[in-house]
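Undergrad: The structure that follows is given in the form of structure tokens.
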Protein chains: 2
Amino acid sequence: MTVDQLDVRLVALLEEEPRIGVLECSRRLNVARGTVQARLDRLAARGVIIGYGPQIDPAALGFDVTAFVTLQIRQVSGHDPVADRLALIPEVLEVHTITGGHDMLCRVVARSNADLQRVIDQIVDVHGVVRTESVIALDTPVPYRTLPLVKAAQR
Amino acid sequence: MTVDQLDVRLVALLEEEPRIGVLECSRRLNVARGTVQARLDRLAARGVIIGYGPQIDPAALGFDVTAFVTLQIRQVSGHDPVADRLALIPEVLEVHTITGGHDMLCRVVARSNADLQRVIDQIVDVHGVVRTESVIALDTPVPYRTLPLVKAAQR
DNA sequence: AAAATAGTGGACAATATGCTCAGGAAAAGC
DNA sequence: GCTTTTCCTGAGCATATTGTCCACTATTTT
């Protein structure tokens, strides 16, 4: 979908100071309040802005180990029953089905390396999971972000 | 850090309806407004809540291909110069350094499979990147979430 | 038992919101 | 080139929310 410069400036502004509200946005961007409201409604309606939920830092909750776990699934059992089981594990933050030698990729967090073992054991215990392979994230030089993408999508 | 049941209910409420504001939260949770305000301040101060920025859906912007790319880095060049270059590519949404046979893992998006090739080419062109390996996310049965984790962290 | 901590409920002014409207500017269609 | 549609503006109004106090009451901690 098409996003113009005002949309980008609006999103950028909200990313930097999310608590400022519509009126303050309109002042900062030098446009009418109704315009900001209309743009936000439009971005939400088109699905560009999914929500404004609080962003939680797992590390602040004590889960400071992040790992990516790839899974091989027994062929007979489809992906979805496995995904449903994985979804029941709180430490599994996201699950993708993927191309290549493996079938699924999960992002998981844990309280420590020892705790990661516990989480992986839970994953292995899921019916249909044949094998797992884990890599631990040592550092995150570029944390998840979308602003550059929004800027690139402009026009 | 320690999170009690009220914190969890508050975060859960905000995840479901992020636009409701402090006063409405206090009504829904049957606590005083000042309590909600204090809890939110505390969660933010302790770093549990990083922010409330708008969540952007890359797919809605036309970037409906997601891939995970692992990189091998030439040993002489450290990780950081590479990460800095990767950060300049808008389609690179996050970068981790990892254990195992590879050195880095990136999440990237692209407008199509052909476009993914273009993005990967840019990654390969980064000085110090020796080899890449990509897997494409076909489906995301569990999209990124933290609420179950918050609930699990309770107490 | 005393002290510190957290929650309550109420007040107040200042600010923000949702909604509506008429007019002007810009873009699209013919 | 002209018309229609779309988008933005600036304003108004009633209502709701915020930030900031306060005194009082649990609930823990020491």
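So you can find residues: chains in the structure tokens are A, B, ... in the order shown, residues in each start at 1, and ligands are numbered from 1 in order.
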Please produce chain A as a PDB file with C-alpha atoms, in the first residue's frame once it has been superposed on chain B, the fit using all Cα atoms paired in sequence order.

TA:
ATOM      1  CA  MET A   1      11.984  -8.556  38.140  1.00  0.00           C
ATOM      2  CA  THR A   2       8.819  -9.279  39.979  1.00  0.00           C
ATOM      3  CA  VAL A   3       5.435  -8.770  38.409  1.00  0.00           C
ATOM      4  CA  ASP A   4       2.221  -9.390  40.298  1.00  0.00           C
ATOM      5  CA  GLN A   5      -1.238 -10.242  39.129  1.00  0.00           C
ATOM      6  CA  LEU A   6      -2.356  -6.657  38.795  1.00  0.00           C
ATOM      7  CA  ASP A   7       0.603  -5.929  36.539  1.00  0.00           C
ATOM      8  CA  VAL A   8      -0.293  -8.884  34.374  1.00  0.00           C
ATOM      9  CA  ARG A   9      -3.930  -7.885  34.150  1.00  0.00           C
ATOM     10  CA  LEU A  10      -2.882  -4.367  33.277  1.00  0.00           C
ATOM     11  CA  VAL A  11      -0.506  -5.460  30.554  1.00  0.00           C
ATOM     12  CA  ALA A  12      -3.051  -7.906  29.197  1.00  0.00           C
ATOM     13  CA  LEU A  13      -5.692  -5.208  29.116  1.00  0.00           C
ATOM     14  CA  LEU A  14      -3.412  -2.814  27.293  1.00  0.00           C
ATOM     15  CA  GLU A  15      -2.425  -5.470  24.784  1.00  0.00           C
ATOM     16  CA  GLU A  16      -6.038  -6.046  23.938  1.00  0.00           C
ATOM     17  CA  GLU A  17      -7.160  -2.429  23.870  1.00  0.00           C
ATOM     18  CA  PRO A  18      -4.123  -0.219  23.808  1.00  0.00           C
ATOM     19  CA  ARG A  19      -5.963   3.026  23.219  1.00  0.00           C
ATOM     20  CA  ILE A  20      -8.041   3.074  26.370  1.00  0.00           C
ATOM     21  CA  GLY A  21      -5.997   5.292  28.667  1.00  0.00           C
ATOM     22  CA  VAL A  22      -5.254   5.255  32.354  1.00  0.00           C
ATOM     23  CA  LEU A  23      -8.671   6.183  33.639  1.00  0.00           C
ATOM     24  CA  GLU A  24     -10.439   3.521  31.638  1.00  0.00           C
ATOM     25  CA  CYS A  25      -7.882   0.955  32.824  1.00  0.00           C
ATOM     26  CA  SER A  26      -8.592   1.831  36.423  1.00  0.00           C
ATOM     27  CA  ARG A  27     -12.305   1.296  35.834  1.00  0.00           C
ATOM     28  CA  ARG A  28     -11.822  -2.049  34.127  1.00  0.00           C
ATOM     29  CA  LEU A  29      -9.472  -3.326  36.801  1.00  0.00           C
ATOM     30  CA  ASN A  30     -11.420  -1.909  39.723  1.00  0.00           C
ATOM     31  CA  VAL A  31      -8.509  -0.013  41.166  1.00  0.00           C
ATOM     32  CA  ALA A  32      -7.819   3.658  41.682  1.00  0.00           C
ATOM     33  CA  ARG A  33      -6.486   5.700  38.836  1.00  0.00           C
ATOM     34  CA  GLY A  34      -3.357   6.552  40.814  1.00  0.00           C
ATOM     35  CA  THR A  35      -2.623   2.876  41.207  1.00  0.00           C
ATOM     36  CA  VAL A  36      -2.707   2.269  37.480  1.00  0.00           C
ATOM     37  CA  GLN A  37      -0.520   5.286  36.920  1.00  0.00           C
ATOM     38  CA  ALA A  38       1.951   4.094  39.540  1.00  0.00           C
ATOM     39  CA  ARG A  39       2.058   0.577  38.095  1.00  0.00           C
ATOM     40  CA  LEU A  40       2.668   1.806  34.587  1.00  0.00           C
ATOM     41  CA  ASP A  41       5.383   4.152  35.789  1.00  0.00           C
ATOM     42  CA  ARG A  42       6.979   1.298  37.679  1.00  0.00           C
ATOM     43  CA  LEU A  43       6.831  -1.108  34.758  1.00  0.00           C
ATOM     44  CA  ALA A  44       8.354   1.528  32.510  1.00  0.00           C
ATOM     45  CA  ALA A  45      11.019   2.456  35.069  1.00  0.00           C
ATOM     46  CA  ARG A  46      12.049  -1.163  35.473  1.00  0.00           C
ATOM     47  CA  GLY A  47      12.260  -1.564  31.734  1.00  0.00           C
ATOM     48  CA  VAL A  48       9.525  -4.155  31.446  1.00  0.00           C
ATOM     49  CA  ILE A  49       7.492  -1.888  29.207  1.00  0.00           C
ATOM     50  CA  ILE A  50       9.849  -0.471  26.624  1.00  0.00           C
ATOM     51  CA  GLY A  51       7.293   1.609  24.819  1.00  0.00           C
ATOM     52  CA  TYR A  52       3.932   1.916  23.180  1.00  0.00           C
ATOM     53  CA  GLY A  53       5.043   2.631  19.640  1.00  0.00           C
ATOM     54  CA  PRO A  54       2.797   1.797  16.720  1.00  0.00           C
ATOM     55  CA  GLN A  55       3.261  -1.769  15.538  1.00  0.00           C
ATOM     56  CA  ILE A  56       3.808  -1.851  11.819  1.00  0.00           C
ATOM     57  CA  ASP A  57       2.867  -4.775   9.589  1.00  0.00           C
ATOM     58  CA  PRO A  58       5.496  -5.053   6.844  1.00  0.00           C
ATOM     59  CA  ALA A  59       3.105  -7.155   4.785  1.00  0.00           C
ATOM     60  CA  ALA A  60       0.629  -4.264   4.667  1.00  0.00           C
ATOM     61  CA  LEU A  61       3.387  -2.150   3.176  1.00  0.00           C
ATOM     62  CA  GLY A  62       3.900  -4.737   0.457  1.00  0.00           C
ATOM     63  CA  PHE A  63       6.757  -6.622   2.091  1.00  0.00           C
ATOM     64  CA  ASP A  64       5.048  -9.938   2.382  1.00  0.00           C
ATOM     65  CA  VAL A  65       8.074 -12.193   2.158  1.00  0.00           C
ATOM     66  CA  THR A  66       9.917 -12.819   5.414  1.00  0.00           C
ATOM     67  CA  ALA A  67      13.211 -14.662   5.539  1.00  0.00           C
ATOM     68  CA  PHE A  68      15.861 -15.537   8.057  1.00  0.00           C
ATOM     69  CA  VAL A  69      19.372 -15.162   6.760  1.00  0.00           C
ATOM     70  CA  THR A  70      22.409 -16.528   8.555  1.00  0.00           C
ATOM     71  CA  LEU A  71      25.792 -15.038   7.796  1.00  0.00           C
ATOM     72  CA  GLN A  72      29.362 -16.164   8.016  1.00  0.00           C
ATOM     73  CA  ILE A  73      31.730 -13.300   8.688  1.00  0.00           C
ATOM     74  CA  ARG A  74      35.358 -13.031   7.742  1.00  0.00           C
ATOM     75  CA  GLN A  75      37.238 -13.438  11.009  1.00  0.00           C
ATOM     76  CA  VAL A  76      39.442 -10.397  10.773  1.00  0.00           C
ATOM     77  CA  SER A  77      36.541  -7.989  10.568  1.00  0.00           C
ATOM     78  CA  GLY A  78      34.631  -7.906  13.837  1.00  0.00           C
ATOM     79  CA  HIS A  79      30.903  -8.204  14.075  1.00  0.00           C
ATOM     80  CA  ASP A  80      30.074  -4.592  14.653  1.00  0.00           C
ATOM     81  CA  PRO A  81      31.194  -3.040  11.384  1.00  0.00           C
ATOM     82  CA  VAL A  82      29.134  -5.672   9.625  1.00  0.00           C
ATOM     83  CA  ALA A  83      26.138  -5.014  11.833  1.00  0.00           C
ATOM     84  CA  ASP A  84      26.458  -1.303  11.162  1.00  0.00           C
ATOM     85  CA  ARG A  85      26.303  -1.930   7.432  1.00  0.00           C
ATOM     86  CA  LEU A  86      23.398  -4.310   7.774  1.00  0.00           C
ATOM     87  CA  ALA A  87      21.552  -1.682   9.786  1.00  0.00           C
ATOM     88  CA  LEU A  88      21.629   0.549   6.735  1.00  0.00           C
ATOM     89  CA  ILE A  89      19.464  -1.890   4.775  1.00  0.00           C
ATOM     90  CA  PRO A  90      15.829  -1.057   5.551  1.00  0.00           C
ATOM     91  CA  GLU A  91      14.637  -4.575   4.802  1.00  0.00           C
ATOM     92  CA  VAL A  92      16.853  -5.939   7.570  1.00  0.00           C
ATOM     93  CA  LEU A  93      14.515  -5.821  10.521  1.00  0.00           C
ATOM     94  CA  GLU A  94      16.803  -7.274  13.173  1.00  0.00           C
ATOM     95  CA  VAL A  95      20.285  -8.687  13.538  1.00  0.00           C
ATOM     96  CA  HIS A  96      21.660 -11.066  16.139  1.00  0.00           C
ATOM     97  CA  THR A  97      25.079 -12.521  16.653  1.00  0.00           C
ATOM     98  CA  ILE A  98      24.766 -16.200  17.318  1.00  0.00           C
ATOM     99  CA  THR A  99      26.485 -19.352  18.446  1.00  0.00           C
ATOM    100  CA  GLY A 100      27.052 -22.286  16.128  1.00  0.00           C
ATOM    101  CA  GLY A 101      28.413 -22.647  12.640  1.00  0.00           C
ATOM    102  CA  HIS A 102      27.243 -19.224  11.568  1.00  0.00           C
ATOM    103  CA  ASP A 103      28.003 -15.845  13.021  1.00  0.00           C
ATOM    104  CA  MET A 104      24.905 -13.755  12.547  1.00  0.00           C
ATOM    105  CA  LEU A 105      21.201 -14.159  12.008  1.00  0.00           C
ATOM    106  CA  CYS A 106      19.063 -11.503  10.334  1.00  0.00           C
ATOM    107  CA  ARG A 107      15.366 -11.217   9.840  1.00  0.00           C
ATOM    108  CA  VAL A 108      14.666  -9.631   6.501  1.00  0.00           C
ATOM    109  CA  VAL A 109      11.564  -8.832   4.509  1.00  0.00           C
ATOM    110  CA  ALA A 110      11.066  -8.274   0.808  1.00  0.00           C
ATOM    111  CA  ARG A 111       8.324  -7.513  -1.698  1.00  0.00           C
ATOM    112  CA  SER A 112       8.649 -10.875  -3.461  1.00  0.00           C
ATOM    113  CA  ASN A 113      11.024 -13.754  -3.838  1.00  0.00           C
ATOM    114  CA  ALA A 114      12.762 -11.897  -6.627  1.00  0.00           C
ATOM    115  CA  ASP A 115      13.023  -8.863  -4.388  1.00  0.00           C
ATOM    116  CA  LEU A 116      14.442 -11.048  -1.649  1.00  0.00           C
ATOM    117  CA  GLN A 117      17.275 -11.880  -3.988  1.00  0.00           C
ATOM    118  CA  ARG A 118      18.018  -8.181  -4.287  1.00  0.00           C
ATOM    119  CA  VAL A 119      18.062  -7.768  -0.510  1.00  0.00           C
ATOM    120  CA  ILE A 120      20.290 -10.789  -0.037  1.00  0.00           C
ATOM    121  CA  ASP A 121      22.634  -9.423  -2.669  1.00  0.00           C
ATOM    122  CA  GLN A 122      22.911  -6.272  -0.643  1.00  0.00           C
ATOM    123  CA  ILE A 123      23.735  -8.328   2.431  1.00  0.00           C
ATOM    124  CA  VAL A 124      26.351 -10.334   0.585  1.00  0.00           C
ATOM    125  CA  ASP A 125      27.894  -7.115  -0.650  1.00  0.00           C
ATOM    126  CA  VAL A 126      28.508  -5.979   2.907  1.00  0.00           C
ATOM    127  CA  HIS A 127      32.229  -6.007   3.516  1.00  0.00           C
ATOM    128  CA  GLY A 128      33.204  -8.919   5.730  1.00  0.00           C
ATOM    129  CA  VAL A 129      30.262 -11.154   4.831  1.00  0.00           C
ATOM    130  CA  VAL A 130      31.632 -14.377   3.441  1.00  0.00           C
ATOM    131  CA  ARG A 131      28.567 -16.521   2.937  1.00  0.00           C
ATOM    132  CA  THR A 132      24.854 -16.413   3.584  1.00  0.00           C
ATOM    133  CA  GLU A 133      22.186 -19.008   3.972  1.00  0.00           C
ATOM    134  CA  SER A 134      18.503 -18.161   3.772  1.00  0.00           C
ATOM    135  CA  VAL A 135      15.313 -19.769   4.831  1.00  0.00           C
ATOM    136  CA  ILE A 136      11.988 -18.293   3.859  1.00  0.00           C
ATOM    137  CA  ALA A 137       9.123 -18.134   6.329  1.00  0.00           C
ATOM    138  CA  LEU A 138       6.192 -19.783   4.620  1.00  0.00           C
ATOM    139  CA  ASP A 139       3.723 -19.200   7.394  1.00  0.00           C
ATOM    140  CA  THR A 140       3.704 -17.833  10.916  1.00  0.00           C
ATOM    141  CA  PRO A 141       1.414 -19.993  13.009  1.00  0.00           C
ATOM    142  CA  VAL A 142       2.482 -18.177  16.185  1.00  0.00           C
ATOM    143  CA  PRO A 143       3.132 -14.474  15.582  1.00  0.00           C
ATOM    144  CA  TYR A 144       5.396 -12.658  17.987  1.00  0.00           C
ATOM    145  CA  ARG A 145       3.801 -12.342  21.387  1.00  0.00           C
ATOM    146  CA  THR A 146       4.875 -11.791  24.949  1.00  0.00           C
ATOM    147  CA  LEU A 147       1.652 -11.987  26.902  1.00  0.00           C
ATOM    148  CA  PRO A 148       2.020 -15.684  27.838  1.00  0.00           C
ATOM    149  CA  LEU A 149       5.515 -14.894  29.028  1.00  0.00           C
ATOM    150  CA  VAL A 150       4.290 -12.034  31.180  1.00  0.00           C
ATOM    151  CA  LYS A 151       1.726 -14.356  32.687  1.00  0.00           C
ATOM    152  CA  ALA A 152       4.399 -16.964  33.301  1.00  0.00           C
ATOM    153  CA  ALA A 153       6.673 -14.388  34.920  1.00  0.00           C
ATOM    154  CA  GLN A 154       3.995 -13.529  37.426  1.00  0.00           C
ATOM    155  CA  ARG A 155       4.889 -13.637  41.111  1.00  0.00           C
TER     156      ARG A 155
END

Undergrad: Go through chain C and flag each residue having an atom no more than 12 Å from chain B; for those, report the closest pair of atoms plus their distance in Å to one decimal, using only C-alpha atoms (C1' of nucleotides), ordered by chain and rising number, as a Markdown table.

TA:
| residue | atom | partner | partner_atom | distance |
| --- | --- | --- | --- | --- |
| C:DA6 | C1' | B:Thr35 | CA | 8.3 |
| C:DG7 | C1' | B:Thr35 | CA | 6.5 |
| C:DT8 | C1' | B:Ala32 | CA | 6.3 |
| C:DG9 | C1' | B:Ala32 | CA | 7.6 |
| C:DG10 | C1' | B:Ala32 | CA | 11.0 |
| C:DA16 | C1' | B:Gly21 | CA | 11.8 |
| C:DT17 | C1' | B:Gly21 | CA | 11.8 |

Undergrad: Chain D residues within 10 Å of chain B, counting only C-alpha atoms (C1' of nucleotides): which ones, as a count of residues only?

TA: 3

Undergrad: Do you have the atom C1' of DC12 of chain C-atom C1' of DC24 of chain D distance handy?

TA: 18.9 Å

Undergrad: Provide the atom C1' of DA26 of chain D to atom C1' of DA1 of chain C distance in Å, to one decimal place.

TA: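 Going from atom C1' of DA26 of chain D over to atom C1' of DA1 of chain C, I get 16.4 Å.
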
Undergrad: What residues in segment 52-119 of chain A get the DSSP label alpha helix (DSSP H)? Please answer as a ChimeraX atom specification.

TA: /A:79-86,113-119

Undergrad: If you count only C-alpha atoms (C1' of nucleotides), which residues fall within 12 Å of DC19 of chain C, apart from same-chain ones fewer than 6 positions away, as a CSV table (one decimal) with N, CA and C atoms (P, O5', C5', C4', C3', O3' and C1' of nucleotides), in the first residue's frame?

TA:
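Okay, this is what ended up in selection37.csv:
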chain,number,residue,atom,x,y,z
A,34,GLY,N,-7.6,17.1,12.6
A,34,GLY,CA,-8.5,16.1,11.8
A,34,GLY,C,-7.6,15.3,10.8
D,12,DG,P,-14.1,29.6,17.2
D,12,DG,O5',-15.2,28.5,17.4
D,12,DG,C5',-16.4,28.5,16.6
D,12,DG,C4',-17.3,27.4,17.1
D,12,DG,C3',-17.4,27.4,18.6
D,12,DG,O3',-18.8,27.5,19.0
D,12,DG,C1',-16.8,25.2,17.8
D,13,DC,P,-19.2,27.8,20.5
D,13,DC,O5',-19.5,26.3,21.0
D,13,DC,C5',-20.5,25.5,20.3
D,13,DC,C4',-20.5,24.1,20.9
D,13,DC,C3',-20.3,24.1,22.4
D,13,DC,O3',-21.5,23.5,23.0
D,13,DC,C1',-18.8,22.5,21.4
D,14,DA,P,-21.7,23.6,24.6
D,14,DA,O5',-21.8,22.1,25.0
D,14,DA,C5',-22.5,21.2,24.2
D,14,DA,C4',-22.1,19.8,24.5
D,14,DA,C3',-22.0,19.4,26.0
D,14,DA,O3',-22.5,18.1,26.1
D,14,DA,C1',-19.9,19.1,25.0
D,15,DT,P,-22.6,17.5,27.6
D,15,DT,O5',-21.3,16.5,27.6
D,15,DT,C5',-21.1,15.6,26.5
D,15,DT,C4',-19.8,14.9,26.6
D,15,DT,C3',-19.5,14.3,28.0
D,15,DT,O3',-19.2,13.0,27.9
D,15,DT,C1',-17.7,15.5,27.2
